[in-house]
Amino acid sequence: MAFLTAELGADFGVVLSASHNPMPDNGIKLFAAGGHKLPDEVEDRIESLVTTSFDEWVRPTGAAIGRVSDLADGAARYVRHLIGATPRPLGGLRVVVDCANGAASTVAADAYRGAGAEVTLIHAEPDGININDNCGSTHLEAVRAAVVNDGIEGVVLTHSHADHSEGAGLLGAPVVLPNDGDEVGPFRVVGTPGHSPDSVCLLMGRVCFTGDTVLGQGSVFIAPGEGSLSAYLDSLRRLRALDLEVLCPGHGPCVWDPAAKLDEYISHRLERERKLLEALASGARSENELLDAAWSDVPDHLRGAAALTLAAHLEKLAEEGRLPEDHQHDNDEH
Ligand SMILES: [Zn+2]
């Protein structure tokens with residue numbers, strides 16, 4: 001629905017959605033123009049309208065109500081879009097898809113086969129009430145059995161954060177978190193610590209699976225303490241030196257101009273560092289002063305995240321011995 005809302009230039013999109021829940025918990029999900037999430041305040045206003053009495057609604061009548069029509073090729077358009085978004089044909093891959101008796105039941109086979117994979121569908125017989133009923137993302141037994149029977153060789157992780165690793169062991173195939181220089185399955189492994197100490201990128205020819213080291217959208221979070229900004233910048237430069245065709249991030253769309261994206265990432269961090277050094281040189285010391293000087297473009301609700309990023313930058317400067325004397329002294333005391 002998000003895709004079609006954008007594709008058709010619709011004012012907004014509405015979908016009945018179960019997420020991972022069974023049918024009685026179905027909800028209504030709205031998309032803004034362009035297929036994006038609605039701003040919270042608009043969502044709140046719609047919610048309060050829905051809960052007011054019908055009598056208070058200003059409602060169109062007669063022909064002003066509009067007309068209903070079916071979009072007969074909606075699913076086909078979506079499948080074409082999915083196949084087009086696949087960076088490489090999937091020939092040689094065998095894939096098991098648990099459709100959870102939901103919307104994917106009608107498109108998953110066409111999408112995967114269209115992209116060249118051999119696909120086994122399970123739970124692809126929706127009857128209107130059996131969505132997520134003992135299947136789907138909260139019931140992995142069936143997909144595990146199908147995977148084991150089909151002989152999936154293993155799962156390769158890019159790092160150990162739960163949103164990337166938690167479900168892997170449940171598939172019943174061996175799980176590997178490889179190290180720099182390893183060859184594992186079809187991948188050559190490049191160590192890229194920074195986002196986390198154990199982050200790696202996986203190379204398959206000129207295709208690079210980046211985990212959380214490079215994202216399709218937005219910038220990567222480096223937690224002070226756990227992550228390391230100086231290691232992260234070295235890792236970005238390491239990737240930049242490779243001849244890559246496409247980056248496949250753990251979140252967000254594929255990046256088709258790897259060099260430009262990596263240059264942008266590196267210069268963004270260095271620009272922050274330049275502003276921070278400038279602020280330190282002019283005497284700013286407190287967190288608030290430093291945020292005002294170097295993160296003034298960040299909206300209020302992201303200031304907490306900016307403060308953590310500031311801490312990661314200060315850690316890097318401290319490692320490199322580039323903090324002013326009195327600041328380092330401050331840190332030692334606390
Ligand atoms: Zn992560």
# chains A, B, ... in the order shown; residues from 1 in each chain; ligands from 1
$ residues_around --residues "Asp243 in chain A" --least-positions-apart "4" --cutoff "9 Å" --atoms "only C-alpha atoms" --output "PyMOL selection string"
chain A and resi 206+239+258-259
$ write_last_selection --atoms "C-alpha atoms" --output "PDB file, in the first residue's frame"
ATOM      1  CA  ARG A 206      31.013  -6.416  -6.250  1.00  0.00           C
ATOM      2  CA  LEU A 239      34.987   0.093   2.003  1.00  0.00           C
ATOM      3  CA  PRO A 258      28.610   3.286  -3.182  1.00  0.00           C
ATOM      4  CA  ALA A 259      31.512   5.715  -3.658  1.00  0.00           C
TER       5      ALA A 259
END
$ residues_around --residues "Lys316 in chain A" --least-positions-apart "6" --cutoff "9 Å" --atoms "only C-alpha atoms" --output "list in words"
Ser228, Leu229, Ser230, Ala231 and Arg322 of chain A
$ write_last_selection --atoms "N, CA and C atoms" --output "PDB file, in the first residue's frame"
ATOM      1  N   SER A 228      32.811   2.804  18.107  1.00  0.00           N
ATOM      2  CA  SER A 228      33.999   3.642  18.078  1.00  0.00           C
ATOM      3  C   SER A 228      34.005   4.439  16.789  1.00  0.00           C
ATOM      4  N   LEU A 229      33.986   5.757  16.931  1.00  0.00           N
ATOM      5  CA  LEU A 229      33.915   6.612  15.752  1.00  0.00           C
ATOM      6  C   LEU A 229      35.196   6.562  14.934  1.00  0.00           C
ATOM      7  N   SER A 230      36.355   6.455  15.629  1.00  0.00           N
ATOM      8  CA  SER A 230      37.599   6.420  14.837  1.00  0.00           C
ATOM      9  C   SER A 230      37.688   5.111  14.062  1.00  0.00           C
ATOM     10  N   ALA A 231      37.300   3.988  14.705  1.00  0.00           N
ATOM     11  CA  ALA A 231      37.282   2.711  13.973  1.00  0.00           C
ATOM     12  C   ALA A 231      36.276   2.791  12.829  1.00  0.00           C
ATOM     13  N   ARG A 322      43.421  14.846  20.958  1.00  0.00           N
ATOM     14  CA  ARG A 322      43.142  16.141  20.325  1.00  0.00           C
ATOM     15  C   ARG A 322      42.179  17.008  21.145  1.00  0.00           C
TER      16      ARG A 322
END
$ residues_around --residues "Arg80 in chain A" --least-positions-apart "5" --cutoff "9 Å" --atoms "only C-alpha atoms" --output "compact mmCIF listing (two decimals) with N, CA and C atoms, in the first residue's frame"
# COMPACT_ATOMS: atom_id res chain seq x y z
N ALA A 75 -1.40 -5.53 -7.75
CA ALA A 75 -0.43 -6.53 -7.29
C ALA A 75 0.69 -6.69 -8.31
N ALA A 85 13.71 -3.79 -7.90
CA ALA A 85 14.53 -3.31 -6.78
C ALA A 85 15.56 -4.35 -6.34
N ALA A 111 7.05 -12.63 -7.17
CA ALA A 111 8.20 -11.74 -6.94
C ALA A 111 9.50 -12.54 -6.90
N GLY A 114 10.10 -14.33 -10.25
CA GLY A 114 10.44 -13.29 -11.24
C GLY A 114 11.88 -12.85 -11.10
$ closest_residue --among "A:Asp257, A:Asp133, A:Glu7, A:Glu47" --to "Gly74 in chain A" --atoms "only C-alpha atoms"
A:Glu7
$ closest_residue --among "A:Ile129, A:Leu170, A:Ala223, A:Leu236" --to "ligand 1" --atoms "only C-alpha atoms and all ligand atoms"
A:Ala223
$ closest_atom_pairs --of "chain A" --to "ligand 1" --cutoff "8 Å" --atoms "only C-alpha atoms and all ligand atoms" --output "CSV"
residue,atom,partner,partner_atom_place_in_ligand_line,distance
A:His159,CA,ligand 1,1 (Zn),6.8
A:Ser160,CA,ligand 1,1 (Zn),7.4
A:His161,CA,ligand 1,1 (Zn),4.9
A:Ala162,CA,ligand 1,1 (Zn),7.7
A:Asp163,CA,ligand 1,1 (Zn),7.0
A:His164,CA,ligand 1,1 (Zn),7.0
A:His195,CA,ligand 1,1 (Zn),6.6
A:Ser196,CA,ligand 1,1 (Zn),6.8
A:Gly211,CA,ligand 1,1 (Zn),7.3
A:Asp212,CA,ligand 1,1 (Zn),5.1
A:Thr213,CA,ligand 1,1 (Zn),8.0
$ write_last_selection --atoms "N, CA and C atoms" --output "short mmCIF file (atom, residue, chain, number, x, y, z; two decimals), in the first residue's frame"
data_model
loop_
_atom_site.label_atom_id
_atom_site.label_comp_id
_atom_site.auth_asym_id
_atom_site.auth_seq_id
_atom_site.Cartn_x
_atom_site.Cartn_y
_atom_site.Cartn_z
N HIS A 159 26.61 -8.55 12.38
CA HIS A 159 27.03 -8.19 13.75
C HIS A 159 26.01 -8.76 14.72
N SER A 160 26.29 -8.62 16.02
CA SER A 160 25.50 -9.38 16.98
C SER A 160 24.27 -8.64 17.53
N HIS A 161 24.00 -7.39 17.11
CA HIS A 161 22.82 -6.68 17.64
C HIS A 161 21.56 -7.51 17.43
N ALA A 162 20.67 -7.45 18.43
CA ALA A 162 19.51 -8.35 18.44
C ALA A 162 18.64 -8.22 17.20
N ASP A 163 18.50 -6.99 16.66
CA ASP A 163 17.60 -6.85 15.50
C ASP A 163 18.19 -7.50 14.25
N HIS A 164 19.44 -7.97 14.32
CA HIS A 164 20.04 -8.68 13.19
C HIS A 164 20.28 -10.16 13.48
N HIS A 195 30.26 0.75 14.20
CA HIS A 195 28.88 0.73 14.70
C HIS A 195 28.81 -0.20 15.91
N SER A 196 29.48 -1.36 15.80
CA SER A 196 29.71 -2.25 16.94
C SER A 196 31.11 -2.83 16.74
N GLY A 211 25.07 -4.63 6.62
CA GLY A 211 24.52 -4.66 7.98
C GLY A 211 24.12 -3.26 8.41
N ASP A 212 24.65 -2.81 9.55
CA ASP A 212 24.36 -1.45 10.03
C ASP A 212 25.53 -0.49 9.79
N THR A 213 26.54 -0.93 9.04
CA THR A 213 27.70 -0.06 8.81
C THR A 213 27.36 1.07 7.85
#
$ closest_residue --among "A:Ala108, A:Pro87, A:Met23, A:Ala142" --to "Val255 in chain A" --atoms "only C-alpha atoms"
A:Pro87
$ atom_distance --atom1 "CA of Leu16 in chain A" --atom2 "CA of Ile28 in chain A"
4.7 Å
$ atom_distance --atom1 "CA of Glu287 in chain A" --atom2 "CA of His268 in chain A"
20.2 Å
$ residues_around --residues "Leu317 in chain A" --least-positions-apart "4" --cutoff "10 Å" --atoms "only C-alpha atoms" --output "VMD selection string"
chain A and resid 229 to 230 273 276 to 277 311 to 313 321 to 324 328
$ residues_around --residues "Arg240 in chain A" --least-positions-apart "6" --cutoff "10 Å" --atoms "only C-alpha atoms" --output "PyMOL selection string"
chain A and resi 234+258-263+266
$ write_last_selection --atoms "N, CA and C atoms" --output "PDB file, in the first residue's frame"
ATOM      1  N   ASP A 234      37.686   4.593   9.830  1.00  0.00           N
ATOM      2  CA  ASP A 234      38.641   3.703   9.148  1.00  0.00           C
ATOM      3  C   ASP A 234      37.895   2.663   8.319  1.00  0.00           C
ATOM      4  N   PRO A 258      27.904   3.495  -4.450  1.00  0.00           N
ATOM      5  CA  PRO A 258      28.610   3.286  -3.182  1.00  0.00           C
ATOM      6  C   PRO A 258      29.659   4.360  -2.890  1.00  0.00           C
ATOM      7  N   ALA A 259      30.430   4.755  -3.907  1.00  0.00           N
ATOM      8  CA  ALA A 259      31.512   5.715  -3.658  1.00  0.00           C
ATOM      9  C   ALA A 259      30.936   7.034  -3.148  1.00  0.00           C
ATOM     10  N   ALA A 260      29.864   7.511  -3.796  1.00  0.00           N
ATOM     11  CA  ALA A 260      29.274   8.797  -3.395  1.00  0.00           C
ATOM     12  C   ALA A 260      28.710   8.708  -1.979  1.00  0.00           C
ATOM     13  N   LYS A 261      28.052   7.592  -1.669  1.00  0.00           N
ATOM     14  CA  LYS A 261      27.461   7.436  -0.343  1.00  0.00           C
ATOM     15  C   LYS A 261      28.552   7.411   0.732  1.00  0.00           C
ATOM     16  N   LEU A 262      29.621   6.659   0.472  1.00  0.00           N
ATOM     17  CA  LEU A 262      30.697   6.551   1.460  1.00  0.00           C
ATOM     18  C   LEU A 262      31.406   7.898   1.638  1.00  0.00           C
ATOM     19  N   ASP A 263      31.622   8.614   0.535  1.00  0.00           N
ATOM     20  CA  ASP A 263      32.224   9.957   0.639  1.00  0.00           C
ATOM     21  C   ASP A 263      31.339  10.871   1.479  1.00  0.00           C
ATOM     22  N   ILE A 266      31.622   9.957   5.168  1.00  0.00           N
ATOM     23  CA  ILE A 266      32.898  10.373   5.750  1.00  0.00           C
ATOM     24  C   ILE A 266      32.921  11.887   5.931  1.00  0.00           C
TER      25      ILE A 266
END
$ select_by_dssp --residues "range 9-255 of chain A" --states "alpha helix (DSSP H)" --output "ChimeraX atom specification"
/A:40-51,74-85,108-114,141-150,162-165,229-240
$ decode --residues "range 22-111 of chain A" --atoms "C-alpha atoms" --output "PDB file, in the first residue's frame"
ATOM      1  CA  PRO A  22      -4.029 -12.784  14.534  1.00  0.00           C
ATOM      2  CA  MET A  23      -7.194 -11.521  12.823  1.00  0.00           C
ATOM      3  CA  PRO A  24      -9.099 -10.196  15.873  1.00  0.00           C
ATOM      4  CA  ASP A  25      -6.262  -7.693  16.382  1.00  0.00           C
ATOM      5  CA  ASN A  26      -6.357  -6.326  12.814  1.00  0.00           C
ATOM      6  CA  GLY A  27      -5.959  -2.569  12.667  1.00  0.00           C
ATOM      7  CA  ILE A  28      -6.275   0.205  10.115  1.00  0.00           C
ATOM      8  CA  LYS A  29      -3.021   1.723   8.887  1.00  0.00           C
ATOM      9  CA  LEU A  30      -2.913   5.037   7.021  1.00  0.00           C
ATOM     10  CA  PHE A  31      -0.148   6.273   4.734  1.00  0.00           C
ATOM     11  CA  ALA A  32       0.488   9.895   3.785  1.00  0.00           C
ATOM     12  CA  ALA A  33       1.052  11.006   0.175  1.00  0.00           C
ATOM     13  CA  GLY A  34       4.240   9.453  -1.137  1.00  0.00           C
ATOM     14  CA  GLY A  35       3.630   6.313   0.947  1.00  0.00           C
ATOM     15  CA  HIS A  36       5.225   7.789   4.077  1.00  0.00           C
ATOM     16  CA  LYS A  37       4.171   7.574   7.707  1.00  0.00           C
ATOM     17  CA  LEU A  38       1.612  10.235   8.689  1.00  0.00           C
ATOM     18  CA  PRO A  39       2.887  12.892  11.103  1.00  0.00           C
ATOM     19  CA  ASP A  40       1.836  11.994  14.667  1.00  0.00           C
ATOM     20  CA  GLU A  41      -0.359  15.080  15.067  1.00  0.00           C
ATOM     21  CA  VAL A  42      -2.327  14.231  11.892  1.00  0.00           C
ATOM     22  CA  GLU A  43      -2.773  10.654  13.137  1.00  0.00           C
ATOM     23  CA  ASP A  44      -4.015  12.008  16.477  1.00  0.00           C
ATOM     24  CA  ARG A  45      -6.518  14.308  14.752  1.00  0.00           C
ATOM     25  CA  ILE A  46      -7.881  11.449  12.624  1.00  0.00           C
ATOM     26  CA  GLU A  47      -8.143   9.233  15.704  1.00  0.00           C
ATOM     27  CA  SER A  48     -10.113  11.857  17.598  1.00  0.00           C
ATOM     28  CA  LEU A  49     -12.440  12.323  14.589  1.00  0.00           C
ATOM     29  CA  VAL A  50     -13.077   8.583  14.451  1.00  0.00           C
ATOM     30  CA  THR A  51     -14.037   8.494  18.106  1.00  0.00           C
ATOM     31  CA  THR A  52     -16.429  11.492  17.927  1.00  0.00           C
ATOM     32  CA  SER A  53     -20.061  10.791  17.173  1.00  0.00           C
ATOM     33  CA  PHE A  54     -21.103  10.374  13.502  1.00  0.00           C
ATOM     34  CA  ASP A  55     -23.607  13.225  13.886  1.00  0.00           C
ATOM     35  CA  GLU A  56     -20.797  15.712  14.319  1.00  0.00           C
ATOM     36  CA  TRP A  57     -19.063  14.727  11.063  1.00  0.00           C
ATOM     37  CA  VAL A  58     -19.176  16.977   8.043  1.00  0.00           C
ATOM     38  CA  ARG A  59     -19.924  14.397   5.398  1.00  0.00           C
ATOM     39  CA  PRO A  60     -20.344  14.622   1.613  1.00  0.00           C
ATOM     40  CA  THR A  61     -23.623  13.441   0.116  1.00  0.00           C
ATOM     41  CA  GLY A  62     -24.792  12.217  -3.289  1.00  0.00           C
ATOM     42  CA  ALA A  63     -22.248  12.346  -6.105  1.00  0.00           C
ATOM     43  CA  ALA A  64     -19.769  14.166  -3.840  1.00  0.00           C
ATOM     44  CA  ILE A  65     -19.149  10.892  -1.978  1.00  0.00           C
ATOM     45  CA  GLY A  66     -17.078   9.655  -4.924  1.00  0.00           C
ATOM     46  CA  ARG A  67     -16.767   6.286  -6.640  1.00  0.00           C
ATOM     47  CA  VAL A  68     -15.121   2.998  -5.814  1.00  0.00           C
ATOM     48  CA  SER A  69     -13.048   1.298  -8.491  1.00  0.00           C
ATOM     49  CA  ASP A  70     -10.727  -1.723  -8.432  1.00  0.00           C
ATOM     50  CA  LEU A  71      -7.074  -1.379  -9.340  1.00  0.00           C
ATOM     51  CA  ALA A  72      -6.861  -4.639 -11.247  1.00  0.00           C
ATOM     52  CA  ASP A  73      -3.109  -4.545 -11.816  1.00  0.00           C
ATOM     53  CA  GLY A  74      -2.114  -3.277  -8.352  1.00  0.00           C
ATOM     54  CA  ALA A  75      -0.427  -6.533  -7.294  1.00  0.00           C
ATOM     55  CA  ALA A  76       1.325  -6.884 -10.655  1.00  0.00           C
ATOM     56  CA  ARG A  77       2.731  -3.355 -10.384  1.00  0.00           C
ATOM     57  CA  TYR A  78       4.048  -4.109  -6.918  1.00  0.00           C
ATOM     58  CA  VAL A  79       5.685  -7.343  -8.096  1.00  0.00           C
ATOM     59  CA  ARG A  80       7.358  -5.476 -10.990  1.00  0.00           C
ATOM     60  CA  HIS A  81       8.634  -2.919  -8.498  1.00  0.00           C
ATOM     61  CA  LEU A  82      10.045  -5.633  -6.198  1.00  0.00           C
ATOM     62  CA  ILE A  83      11.809  -7.420  -9.044  1.00  0.00           C
ATOM     63  CA  GLY A  84      13.199  -4.087 -10.276  1.00  0.00           C
ATOM     64  CA  ALA A  85      14.532  -3.314  -6.779  1.00  0.00           C
ATOM     65  CA  THR A  86      16.474  -6.600  -6.571  1.00  0.00           C
ATOM     66  CA  PRO A  87      20.127  -5.712  -7.078  1.00  0.00           C
ATOM     67  CA  ARG A  88      21.066  -9.050  -8.633  1.00  0.00           C
ATOM     68  CA  PRO A  89      19.044 -11.871 -10.148  1.00  0.00           C
ATOM     69  CA  LEU A  90      18.435 -14.476  -7.448  1.00  0.00           C
ATOM     70  CA  GLY A  91      19.255 -17.454  -9.716  1.00  0.00           C
ATOM     71  CA  GLY A  92      20.651 -20.394  -7.750  1.00  0.00           C
ATOM     72  CA  LEU A  93      18.956 -19.361  -4.490  1.00  0.00           C
ATOM     73  CA  ARG A  94      16.313 -21.565  -2.908  1.00  0.00           C
ATOM     74  CA  VAL A  95      13.970 -19.583  -0.678  1.00  0.00           C
ATOM     75  CA  VAL A  96      11.232 -20.647   1.738  1.00  0.00           C
ATOM     76  CA  VAL A  97       8.597 -17.940   2.320  1.00  0.00           C
ATOM     77  CA  ASP A  98       6.067 -18.130   5.139  1.00  0.00           C
ATOM     78  CA  CYS A  99       3.285 -15.874   3.836  1.00  0.00           C
ATOM     79  CA  ALA A 100       1.419 -16.051   7.185  1.00  0.00           C
ATOM     80  CA  ASN A 101      -1.824 -16.319   5.183  1.00  0.00           C
ATOM     81  CA  GLY A 102      -1.554 -12.585   4.627  1.00  0.00           C
ATOM     82  CA  ALA A 103      -1.149 -10.201   1.698  1.00  0.00           C
ATOM     83  CA  ALA A 104       2.188 -11.713   0.625  1.00  0.00           C
ATOM     84  CA  SER A 105       0.321 -14.930  -0.284  1.00  0.00           C
ATOM     85  CA  THR A 106      -0.660 -13.485  -3.664  1.00  0.00           C
ATOM     86  CA  VAL A 107       2.629 -11.789  -4.596  1.00  0.00           C
ATOM     87  CA  ALA A 108       5.544 -13.652  -2.973  1.00  0.00           C
ATOM     88  CA  ALA A 109       5.751 -16.473  -5.532  1.00  0.00           C
ATOM     89  CA  ASP A 110       5.679 -14.123  -8.540  1.00  0.00           C
ATOM     90  CA  ALA A 111       8.198 -11.745  -6.941  1.00  0.00           C
TER      91      ALA A 111
END
